[in-house]
Amino acid sequence: MSYDVVILGLGYVGLPLAHQATRVGMRVLGFDIDARVVSALAAGRSHVDDLSDTDVAQMVADGFQPTTDESLIATAATAVICVPTPLAEGDGPDLSAVIGATEAVGRNLKPGMLVVLESTTYPGTTDDVVRPLLERLSGLTAGLDFHLAFSPERIDPGNPQYGAHNTPKVVGGHTPACTDAVAAFYGRLVETVVRTRGTREAETAKLLENTYRHVNIALVNEMARFCHELDIDLWDVIHAASTKPFGFQAFYPGPGVGGHCIPIDPNYLSHNVRTKLGYPFRFVELAQEINATMPAYVARRAQNLLNADGQAVHGATVLLLGVTYKANIADQRESPATPLARQLLSLGAKVAYHDPYVPSWRVGDDLVPRTEDLEGAAAAADLTILVQHHRGYDADHLAGVAKRFFDTRGVSTTAEAHRL
C-alpha cells in the first residue's frame with residue numbers, strides 16, 4: 001500500500017497534522033518509535049489535548065495507520081518530521097530526535113519524495129544537518145532527486161479558534177522547485193500558504209514569532225515588579241493602554257512562562273548567534289533572565305504575604321491552583337508551577353495542589369499531594385496561589401473562601417485578593 005504522507009513523531013505537532021491530513025482524504029501513515037503511543041493510537045486512544053479518543057478512532061477508521069515499522073516510510077510520497085527538540089546543554093536544541101528521524105527517512109528515501117522538517121530549531125538545520133544526512137544515506141541529491149523543505153509548526157494547544165486548517169502555513173524550500181512542492185502539499189491541508197525565500201527564512205520566522213512574545217512577556221513581568229513596589233495596578237495600566245486602536249498589543253505578566261515555544265525556542269536563535277557570530281542576542285538573553293526568575297519572585301511575594309500576618313512560610317500550607325503551562329489543557333511542559341513549587345518547598349512550605357487536568361504531579365522526586373476538595377482546601381490552606389486560571393476556577397469566590405489568596409493571573413476583582 002502507498003501513502004500520501006508519513007508523519008514522523010505523533011505528539012502535539014504530528015498528531016494534529018495527521019488528523020487534518022486524514023480529514024482532507026489523504027492516505028496517512030504515522031511513524032513513532034514509542035510502541036506504547038502507536039498501540040494506543042491504533043486502539044483509538046488520544047494522548048494530546050486537541051484530539052479526543054473519538055477523533056483518533058475516526059482517523060483510524062478513515063485509514064490512518066500508526067506504525068513503528070521504519071520500512072513503511074518508503075511507501076509515502078511525502079515525509080514530515082515532527083519530533084521534539086528540547087533544550088540541550090549550552091542552550092542549543094537537542095537534535096537527537098531530528099537526526100534519528102532524518103536517518104530513518106534517509107534509509108528509505110525514494111526519488112521524487114518530499115521531505116519536510118517541522119521541528120523548531122536554529123536557522124540552517126535543514127540545509128546543514130538534515131540535507132547531508134538524507135543525501136549520504138540515500139545516495140540522492142536534494143533539489144534534483146528529491147524535494148527538501150522546512151515548515152514551522154504553529155500548534156496552539158487548546159485554541160478553539162485556530163487549528164491546523166485555518167492557521168497560515170509558512171514554507172521554505174531548499175530550491176524554488178522544493179518550495180513549489182511543499183506549497184502544493186500544504187495547500188491541500190490549509191487555507192493559506194506563505195512562501196519564504198528559503199529554509200533559513202522559514203526557520204527564523206518561527207523563532208521571531210516566539211522571540212517577540214518572549215521579549216514582550218518579559219517586559220510586563222519586569223513592570224509587574226516595580227509597579228507592585230510603586231503601588232501601581234499594572235493590570236489596570238494594561239487595560240488602559242489596550243484601548244489604543246493602533247501601535248499596541250497587550251501582553252500580561254504571570255508566574256513564569258511555559259510550554260515549548262516561549263521558554264525554549266528563542267534560546268535556539270540566541271545560541272546560534274553566539275556560536276556563529278560570536279556576540280550575544282541581548283534581548284533574548286535578558287528576556288530569559290527576567291522570565292526565568294518569575295517563579296522565585298512569586299515565591300518571595302508569597303513569603304511576604306505570610307510574613308505580613310506574622311506567619312512564617314516554613315511549615316505553612318500553600319495550595320497551588322493550576323499546574324499546567326496553559327489554561328484548560330493538561331500539558332505541563334516547562335510549567336512555571338514546577339519551579340515555583342520547588343522554591344516554596346525549599347523555604348519549608350507544605351505544598352499541595354489542585355488541577356482538574358492533572359491527576360498526579362511530581363516536583364523532582366516529591367509527589368505533591370493533590371486535593372479533590374477545592375473550596376475546602378482553599379479554606380484550610382494558609383495561602384492559596386492561583387498559578388493557572390482554568391475555566392473552572394472562580395477567582396473572586398475562592399478569594400473570599402481562602403485565608404489569603406494570591407492571584408498571579410490578574411483575573412480577580414475582589415479586594416480580598418492580592419494580585420501579581
# chains A, B, ... in the order shown; residues from 1 in each chain; ligands from 1
$ select_by_dssp --residues "region 243-372 of chain A" --states "strand (DSSP E)" --output "JSON, numbers by chain"
{"A": [317, 318, 319, 320, 321, 350, 351, 352, 353, 354, 362, 363, 366, 367]}
$ residues_around --residues "Tyr325 (chain A)" --least-positions-apart "4" --cutoff "10 Å" --atoms "only C-alpha atoms" --output "mmCIF file with all heavy atoms, in the first residue's frame"
data_model
loop_
_atom_site.group_PDB
_atom_site.id
_atom_site.type_symbol
_atom_site.label_atom_id
_atom_site.label_comp_id
_atom_site.auth_asym_id
_atom_site.auth_seq_id
_atom_site.Cartn_x
_atom_site.Cartn_y
_atom_site.Cartn_z
ATOM 1 N N GLY A 256 5.639 33.044 35.371
ATOM 2 C CA GLY A 256 6.708 32.493 34.547
ATOM 3 C C GLY A 256 6.120 32.077 33.213
ATOM 4 O O GLY A 256 4.912 32.198 32.992
ATOM 5 N N VAL A 257 6.965 31.613 32.306
ATOM 6 C CA VAL A 257 6.479 31.181 31.001
ATOM 7 C C VAL A 257 6.660 29.674 30.868
ATOM 8 O O VAL A 257 7.567 29.085 31.445
ATOM 9 C CB VAL A 257 7.221 31.910 29.864
ATOM 10 C CG1 VAL A 257 6.846 33.373 29.835
ATOM 11 C CG2 VAL A 257 8.728 31.762 29.996
ATOM 12 N N GLY A 258 5.770 29.067 30.091
ATOM 13 C CA GLY A 258 5.813 27.616 29.956
ATOM 14 C C GLY A 258 5.580 27.167 28.536
ATOM 15 O O GLY A 258 5.508 27.975 27.608
ATOM 16 N N GLY A 259 5.438 25.858 28.371
ATOM 17 C CA GLY A 259 5.316 25.290 27.043
ATOM 18 C C GLY A 259 6.681 25.172 26.393
ATOM 19 O O GLY A 259 7.719 25.408 27.011
ATOM 20 N N HIS A 260 6.686 24.791 25.127
ATOM 21 C CA HIS A 260 7.948 24.667 24.416
ATOM 22 C C HIS A 260 8.345 25.991 23.765
ATOM 23 O O HIS A 260 9.509 26.388 23.779
ATOM 24 C CB HIS A 260 7.837 23.591 23.333
ATOM 25 C CG HIS A 260 9.128 23.279 22.651
ATOM 26 N ND1 HIS A 260 9.637 24.065 21.635
ATOM 27 C CD2 HIS A 260 10.033 22.293 22.848
ATOM 28 C CE1 HIS A 260 10.790 23.563 21.226
ATOM 29 N NE2 HIS A 260 11.049 22.482 21.941
ATOM 30 N N ILE A 329 -5.854 23.007 29.545
ATOM 31 C CA ILE A 329 -5.245 21.852 28.908
ATOM 32 C C ILE A 329 -4.434 21.094 29.956
ATOM 33 O O ILE A 329 -4.170 21.615 31.045
ATOM 34 C CB ILE A 329 -4.344 22.236 27.719
ATOM 35 C CG1 ILE A 329 -3.135 23.054 28.189
ATOM 36 C CG2 ILE A 329 -5.131 22.992 26.652
ATOM 37 C CD1 ILE A 329 -2.117 23.307 27.080
ATOM 38 N N ALA A 330 -4.003 19.883 29.601
ATOM 39 C CA ALA A 330 -3.259 19.040 30.549
ATOM 40 C C ALA A 330 -1.750 19.150 30.389
ATOM 41 O O ALA A 330 -1.005 18.543 31.156
ATOM 42 C CB ALA A 330 -3.687 17.586 30.390
ATOM 43 N N ASP A 331 -1.288 19.902 29.419
ATOM 44 C CA ASP A 331 0.131 19.970 29.081
ATOM 45 C C ASP A 331 0.923 20.680 30.186
ATOM 46 O O ASP A 331 0.654 21.834 30.522
ATOM 47 C CB ASP A 331 0.300 20.727 27.760
ATOM 48 C CG ASP A 331 1.663 20.529 27.132
ATOM 49 O OD1 ASP A 331 2.589 20.110 27.844
ATOM 50 O OD2 ASP A 331 1.801 20.806 25.926
ATOM 51 N N GLN A 332 1.917 19.987 30.731
ATOM 52 C CA GLN A 332 2.727 20.547 31.819
ATOM 53 C C GLN A 332 4.141 20.935 31.376
ATOM 54 O O GLN A 332 4.964 21.302 32.222
ATOM 55 C CB GLN A 332 2.845 19.528 32.953
ATOM 56 C CG GLN A 332 1.526 19.105 33.555
ATOM 57 C CD GLN A 332 1.701 17.914 34.462
ATOM 58 O OE1 GLN A 332 2.549 17.909 35.363
ATOM 59 N NE2 GLN A 332 0.910 16.870 34.234
ATOM 60 N N ARG A 333 4.431 20.909 30.073
ATOM 61 C CA ARG A 333 5.790 21.176 29.613
ATOM 62 C C ARG A 333 6.267 22.553 30.057
ATOM 63 O O ARG A 333 5.649 23.568 29.763
ATOM 64 C CB ARG A 333 5.865 21.072 28.085
ATOM 65 C CG ARG A 333 5.722 19.674 27.535
ATOM 66 C CD ARG A 333 5.730 19.688 26.020
ATOM 67 N NE ARG A 333 4.593 20.437 25.482
ATOM 68 C CZ ARG A 333 4.456 20.753 24.194
ATOM 69 N NH1 ARG A 333 5.380 20.402 23.323
ATOM 70 N NH2 ARG A 333 3.388 21.414 23.782
ATOM 71 N N GLU A 334 7.387 22.573 30.774
ATOM 72 C CA GLU A 334 8.025 23.809 31.231
ATOM 73 C C GLU A 334 7.090 24.691 32.049
ATOM 74 O O GLU A 334 7.251 25.912 32.093
ATOM 75 C CB GLU A 334 8.568 24.610 30.043
ATOM 76 C CG GLU A 334 9.495 23.848 29.125
ATOM 77 C CD GLU A 334 10.745 23.347 29.814
ATOM 78 O OE1 GLU A 334 11.256 24.053 30.709
ATOM 79 O OE2 GLU A 334 11.218 22.243 29.461
ATOM 80 N N SER A 335 6.117 24.095 32.723
ATOM 81 C CA SER A 335 5.179 24.895 33.512
ATOM 82 C C SER A 335 5.901 25.624 34.636
ATOM 83 O O SER A 335 6.711 25.037 35.358
ATOM 84 C CB SER A 335 4.091 24.005 34.114
ATOM 85 O OG SER A 335 3.317 24.746 35.050
ATOM 86 N N PRO A 336 5.612 26.934 34.829
ATOM 87 C CA PRO A 336 6.244 27.664 35.933
ATOM 88 C C PRO A 336 5.809 27.165 37.302
ATOM 89 O O PRO A 336 6.432 27.508 38.315
ATOM 90 C CB PRO A 336 5.799 29.108 35.700
ATOM 91 C CG PRO A 336 4.550 29.008 34.897
ATOM 92 C CD PRO A 336 4.742 27.800 34.025
ATOM 93 N N ALA A 337 4.749 26.371 37.352
ATOM 94 C CA ALA A 337 4.316 25.820 38.637
ATOM 95 C C ALA A 337 5.393 24.937 39.252
ATOM 96 O O ALA A 337 5.521 24.879 40.486
ATOM 97 C CB ALA A 337 3.028 25.013 38.456
ATOM 98 N N THR A 338 6.172 24.267 38.417
ATOM 99 C CA THR A 338 7.196 23.359 38.935
ATOM 100 C C THR A 338 8.315 24.111 39.659
ATOM 101 O O THR A 338 8.614 23.802 40.822
ATOM 102 C CB THR A 338 7.754 22.480 37.808
ATOM 103 O OG1 THR A 338 6.685 21.684 37.266
ATOM 104 C CG2 THR A 338 8.854 21.564 38.315
ATOM 105 N N VAL A 387 -2.092 29.846 40.078
ATOM 106 C CA VAL A 387 -0.950 29.783 39.158
ATOM 107 C C VAL A 387 -1.429 29.742 37.717
ATOM 108 O O VAL A 387 -0.862 30.392 36.843
ATOM 109 C CB VAL A 387 -0.071 28.554 39.469
ATOM 110 C CG1 VAL A 387 1.173 28.541 38.589
ATOM 111 C CG2 VAL A 387 0.334 28.548 40.943
ATOM 112 N N GLN A 388 -2.502 28.978 37.469
ATOM 113 C CA GLN A 388 -3.078 28.888 36.125
ATOM 114 C C GLN A 388 -4.585 29.019 36.243
ATOM 115 O O GLN A 388 -5.213 28.319 37.044
ATOM 116 C CB GLN A 388 -2.712 27.562 35.465
ATOM 117 C CG GLN A 388 -3.083 27.471 34.005
ATOM 118 C CD GLN A 388 -2.487 28.620 33.205
ATOM 119 O OE1 GLN A 388 -3.169 29.610 32.934
ATOM 120 N NE2 GLN A 388 -1.217 28.509 32.852
#
$ closest_residue --among "A:Ala142, A:Ala349, A:Ala76, A:Val273" --to "Met1 (chain A)" --atoms "only C-alpha atoms"
A:Ala76
$ closest_residue --among "A:Leu344, A:Val171, A:Leu148, A:Leu321" --to "Val298 (chain A)" --atoms "only C-alpha atoms"
A:Leu344
$ residues_around --residues "Val215 (chain A)" --least-positions-apart "6" --cutoff "10 Å" --atoms "only C-alpha atoms" --output "ChimeraX atom specification"
/A:221,262,266,283-288,290-291
$ residues_around --residues "Phe31 (chain A)" --least-positions-apart "4" --cutoff "8 Å" --atoms "only C-alpha atoms" --output "ChimeraX atom specification"
/A:6-10,38,66-70,73
$ write_last_selection --atoms "C-alpha atoms" --output "short mmCIF file (atom, residue, chain, number, x, y, z; two decimals), in the first residue's frame"
data_model
loop_
_atom_site.label_atom_id
_atom_site.label_comp_id
_atom_site.auth_asym_id
_atom_site.auth_seq_id
_atom_site.Cartn_x
_atom_site.Cartn_y
_atom_site.Cartn_z
CA VAL A 6 4.17 9.72 6.55
CA ILE A 7 4.36 11.86 9.68
CA LEU A 8 7.31 11.07 11.93
CA GLY A 9 6.57 11.93 15.57
CA LEU A 10 2.97 11.58 16.76
CA VAL A 38 1.46 3.60 18.44
CA PRO A 66 0.23 4.28 13.11
CA THR A 67 3.38 2.16 12.99
CA THR A 68 6.86 1.58 14.38
CA ASP A 69 7.94 -0.10 11.13
CA GLU A 70 10.55 2.18 9.56
CA ILE A 73 8.38 5.21 5.17
#
$ closest_residue --among "A:Leu51, A:Leu114, A:Ala380, A:Val401" --to "Pro16 (chain A)" --atoms "only C-alpha atoms"
A:Leu51
$ closest_residue --among "A:Asp366, A:Gln161, A:Pro152, A:Val220" --to "Arg342 (chain A)" --atoms "only C-alpha atoms"
A:Asp366
$ residues_around --residues "Thr175 (chain A)" --least-positions-apart "4" --cutoff "10 Å" --atoms "only C-alpha atoms" --output "ChimeraX atom specification"
/A:142-144,147-149,179-181,197-199
$ atom_distance --atom1 "CA of Gly315 (chain A)" --atom2 "CA of Arg300 (chain A)"
15.3 Å
$ residues_around --residues "Pro132 (chain A)" --least-positions-apart "6" --cutoff "10 Å" --atoms "only C-alpha atoms" --output "list of chain:residue names"
A:Thr102, A:Gly106, A:Thr126, A:Ser138, A:Thr141, A:Ala142
$ decode --residues "region 124-136 of chain A" --atoms "all heavy atoms" --output "PDB file, in the first residue's frame"
ATOM      1  N   GLY A 124      19.419  27.097   9.600  1.00  0.00           N
ATOM      2  CA  GLY A 124      20.462  26.315   8.947  1.00  0.00           C
ATOM      3  C   GLY A 124      20.366  24.829   9.196  1.00  0.00           C
ATOM      4  O   GLY A 124      21.071  24.041   8.550  1.00  0.00           O
ATOM      5  N   THR A 125      19.491  24.408  10.095  1.00  0.00           N
ATOM      6  CA  THR A 125      19.393  22.987  10.428  1.00  0.00           C
ATOM      7  C   THR A 125      18.974  22.144   9.223  1.00  0.00           C
ATOM      8  O   THR A 125      19.534  21.074   8.967  1.00  0.00           O
ATOM      9  CB  THR A 125      18.401  22.758  11.579  1.00  0.00           C
ATOM     10  OG1 THR A 125      18.817  23.500  12.727  1.00  0.00           O
ATOM     11  CG2 THR A 125      18.313  21.291  11.943  1.00  0.00           C
ATOM     12  N   THR A 126      17.984  22.624   8.478  1.00  0.00           N
ATOM     13  CA  THR A 126      17.502  21.860   7.336  1.00  0.00           C
ATOM     14  C   THR A 126      18.617  21.624   6.319  1.00  0.00           C
ATOM     15  O   THR A 126      18.810  20.504   5.828  1.00  0.00           O
ATOM     16  CB  THR A 126      16.320  22.575   6.658  1.00  0.00           C
ATOM     17  OG1 THR A 126      15.300  22.840   7.636  1.00  0.00           O
ATOM     18  CG2 THR A 126      15.736  21.724   5.538  1.00  0.00           C
ATOM     19  N   ASP A 127      19.365  22.674   6.028  1.00  0.00           N
ATOM     20  CA  ASP A 127      20.387  22.575   4.992  1.00  0.00           C
ATOM     21  C   ASP A 127      21.691  21.976   5.502  1.00  0.00           C
ATOM     22  O   ASP A 127      22.389  21.279   4.755  1.00  0.00           O
ATOM     23  CB  ASP A 127      20.658  23.963   4.401  1.00  0.00           C
ATOM     24  CG  ASP A 127      21.357  23.889   3.051  1.00  0.00           C
ATOM     25  OD1 ASP A 127      20.894  23.126   2.188  1.00  0.00           O
ATOM     26  OD2 ASP A 127      22.384  24.571   2.884  1.00  0.00           O
ATOM     27  N   ASP A 128      22.028  22.249   6.769  1.00  0.00           N
ATOM     28  CA  ASP A 128      23.343  21.835   7.280  1.00  0.00           C
ATOM     29  C   ASP A 128      23.329  20.497   8.010  1.00  0.00           C
ATOM     30  O   ASP A 128      24.372  19.844   8.137  1.00  0.00           O
ATOM     31  CB  ASP A 128      23.899  22.908   8.233  1.00  0.00           C
ATOM     32  CG  ASP A 128      24.117  24.242   7.545  1.00  0.00           C
ATOM     33  OD1 ASP A 128      24.220  24.255   6.308  1.00  0.00           O
ATOM     34  OD2 ASP A 128      24.159  25.275   8.246  1.00  0.00           O
ATOM     35  N   VAL A 129      22.171  20.083   8.513  1.00  0.00           N
ATOM     36  CA  VAL A 129      22.082  18.839   9.279  1.00  0.00           C
ATOM     37  C   VAL A 129      21.234  17.796   8.545  1.00  0.00           C
ATOM     38  O   VAL A 129      21.672  16.672   8.306  1.00  0.00           O
ATOM     39  CB  VAL A 129      21.504  19.089  10.696  1.00  0.00           C
ATOM     40  CG1 VAL A 129      21.365  17.773  11.456  1.00  0.00           C
ATOM     41  CG2 VAL A 129      22.387  20.055  11.466  1.00  0.00           C
ATOM     42  N   VAL A 130      20.012  18.180   8.187  1.00  0.00           N
ATOM     43  CA  VAL A 130      19.083  17.230   7.580  1.00  0.00           C
ATOM     44  C   VAL A 130      19.522  16.843   6.163  1.00  0.00           C
ATOM     45  O   VAL A 130      19.574  15.652   5.823  1.00  0.00           O
ATOM     46  CB  VAL A 130      17.659  17.818   7.569  1.00  0.00           C
ATOM     47  CG1 VAL A 130      16.706  16.911   6.792  1.00  0.00           C
ATOM     48  CG2 VAL A 130      17.162  18.006   9.001  1.00  0.00           C
ATOM     49  N   ARG A 131      19.835  17.828   5.329  1.00  0.00           N
ATOM     50  CA  ARG A 131      20.176  17.537   3.937  1.00  0.00           C
ATOM     51  C   ARG A 131      21.375  16.591   3.797  1.00  0.00           C
ATOM     52  O   ARG A 131      21.281  15.587   3.057  1.00  0.00           O
ATOM     53  CB  ARG A 131      20.436  18.835   3.175  1.00  0.00           C
ATOM     54  CG  ARG A 131      20.786  18.622   1.698  1.00  0.00           C
ATOM     55  CD  ARG A 131      21.018  19.946   0.983  1.00  0.00           C
ATOM     56  NE  ARG A 131      22.094  20.701   1.603  1.00  0.00           N
ATOM     57  CZ  ARG A 131      23.384  20.525   1.360  1.00  0.00           C
ATOM     58  NH1 ARG A 131      23.778  19.571   0.508  1.00  0.00           N
ATOM     59  NH2 ARG A 131      24.301  21.272   1.946  1.00  0.00           N
ATOM     60  N   PRO A 132      22.513  16.858   4.479  1.00  0.00           N
ATOM     61  CA  PRO A 132      23.649  15.939   4.319  1.00  0.00           C
ATOM     62  C   PRO A 132      23.345  14.506   4.736  1.00  0.00           C
ATOM     63  O   PRO A 132      23.808  13.556   4.099  1.00  0.00           O
ATOM     64  CB  PRO A 132      24.734  16.556   5.213  1.00  0.00           C
ATOM     65  CG  PRO A 132      24.373  17.993   5.327  1.00  0.00           C
ATOM     66  CD  PRO A 132      22.875  18.013   5.318  1.00  0.00           C
ATOM     67  N   LEU A 133      22.561  14.349   5.803  1.00  0.00           N
ATOM     68  CA  LEU A 133      22.197  13.002   6.247  1.00  0.00           C
ATOM     69  C   LEU A 133      21.354  12.289   5.198  1.00  0.00           C
ATOM     70  O   LEU A 133      21.590  11.116   4.875  1.00  0.00           O
ATOM     71  CB  LEU A 133      21.424  13.072   7.568  1.00  0.00           C
ATOM     72  CG  LEU A 133      22.230  13.097   8.860  1.00  0.00           C
ATOM     73  CD1 LEU A 133      21.300  13.308  10.050  1.00  0.00           C
ATOM     74  CD2 LEU A 133      23.022  11.809   9.032  1.00  0.00           C
ATOM     75  N   LEU A 134      20.360  12.981   4.676  1.00  0.00           N
ATOM     76  CA  LEU A 134      19.489  12.372   3.670  1.00  0.00           C
ATOM     77  C   LEU A 134      20.285  11.979   2.436  1.00  0.00           C
ATOM     78  O   LEU A 134      20.106  10.878   1.881  1.00  0.00           O
ATOM     79  CB  LEU A 134      18.375  13.346   3.285  1.00  0.00           C
ATOM     80  CG  LEU A 134      17.337  13.677   4.363  1.00  0.00           C
ATOM     81  CD1 LEU A 134      16.371  14.746   3.857  1.00  0.00           C
ATOM     82  CD2 LEU A 134      16.563  12.440   4.785  1.00  0.00           C
ATOM     83  N   GLU A 135      21.176  12.873   1.992  1.00  0.00           N
ATOM     84  CA  GLU A 135      21.940  12.599   0.777  1.00  0.00           C
ATOM     85  C   GLU A 135      22.923  11.450   0.976  1.00  0.00           C
ATOM     86  O   GLU A 135      23.084  10.589   0.098  1.00  0.00           O
ATOM     87  CB  GLU A 135      22.671  13.867   0.338  1.00  0.00           C
ATOM     88  CG  GLU A 135      21.717  14.966  -0.153  1.00  0.00           C
ATOM     89  CD  GLU A 135      22.412  16.225  -0.613  1.00  0.00           C
ATOM     90  OE1 GLU A 135      23.597  16.427  -0.206  1.00  0.00           O
ATOM     91  OE2 GLU A 135      21.811  17.012  -1.348  1.00  0.00           O
ATOM     92  N   ARG A 136      23.549  11.419   2.144  1.00  0.00           N
ATOM     93  CA  ARG A 136      24.543  10.373   2.391  1.00  0.00           C
ATOM     94  C   ARG A 136      23.880   8.998   2.497  1.00  0.00           C
ATOM     95  O   ARG A 136      24.381   8.003   1.943  1.00  0.00           O
ATOM     96  CB  ARG A 136      25.317  10.678   3.670  1.00  0.00           C
ATOM     97  CG  ARG A 136      26.319   9.585   4.054  1.00  0.00           C
ATOM     98  CD  ARG A 136      27.184  10.010   5.227  1.00  0.00           C
ATOM     99  NE  ARG A 136      26.420  10.284   6.432  1.00  0.00           N
ATOM    100  CZ  ARG A 136      25.992   9.349   7.279  1.00  0.00           C
ATOM    101  NH1 ARG A 136      26.205   8.063   7.016  1.00  0.00           N
ATOM    102  NH2 ARG A 136      25.331   9.694   8.362  1.00  0.00           N
TER     103      ARG A 136
END
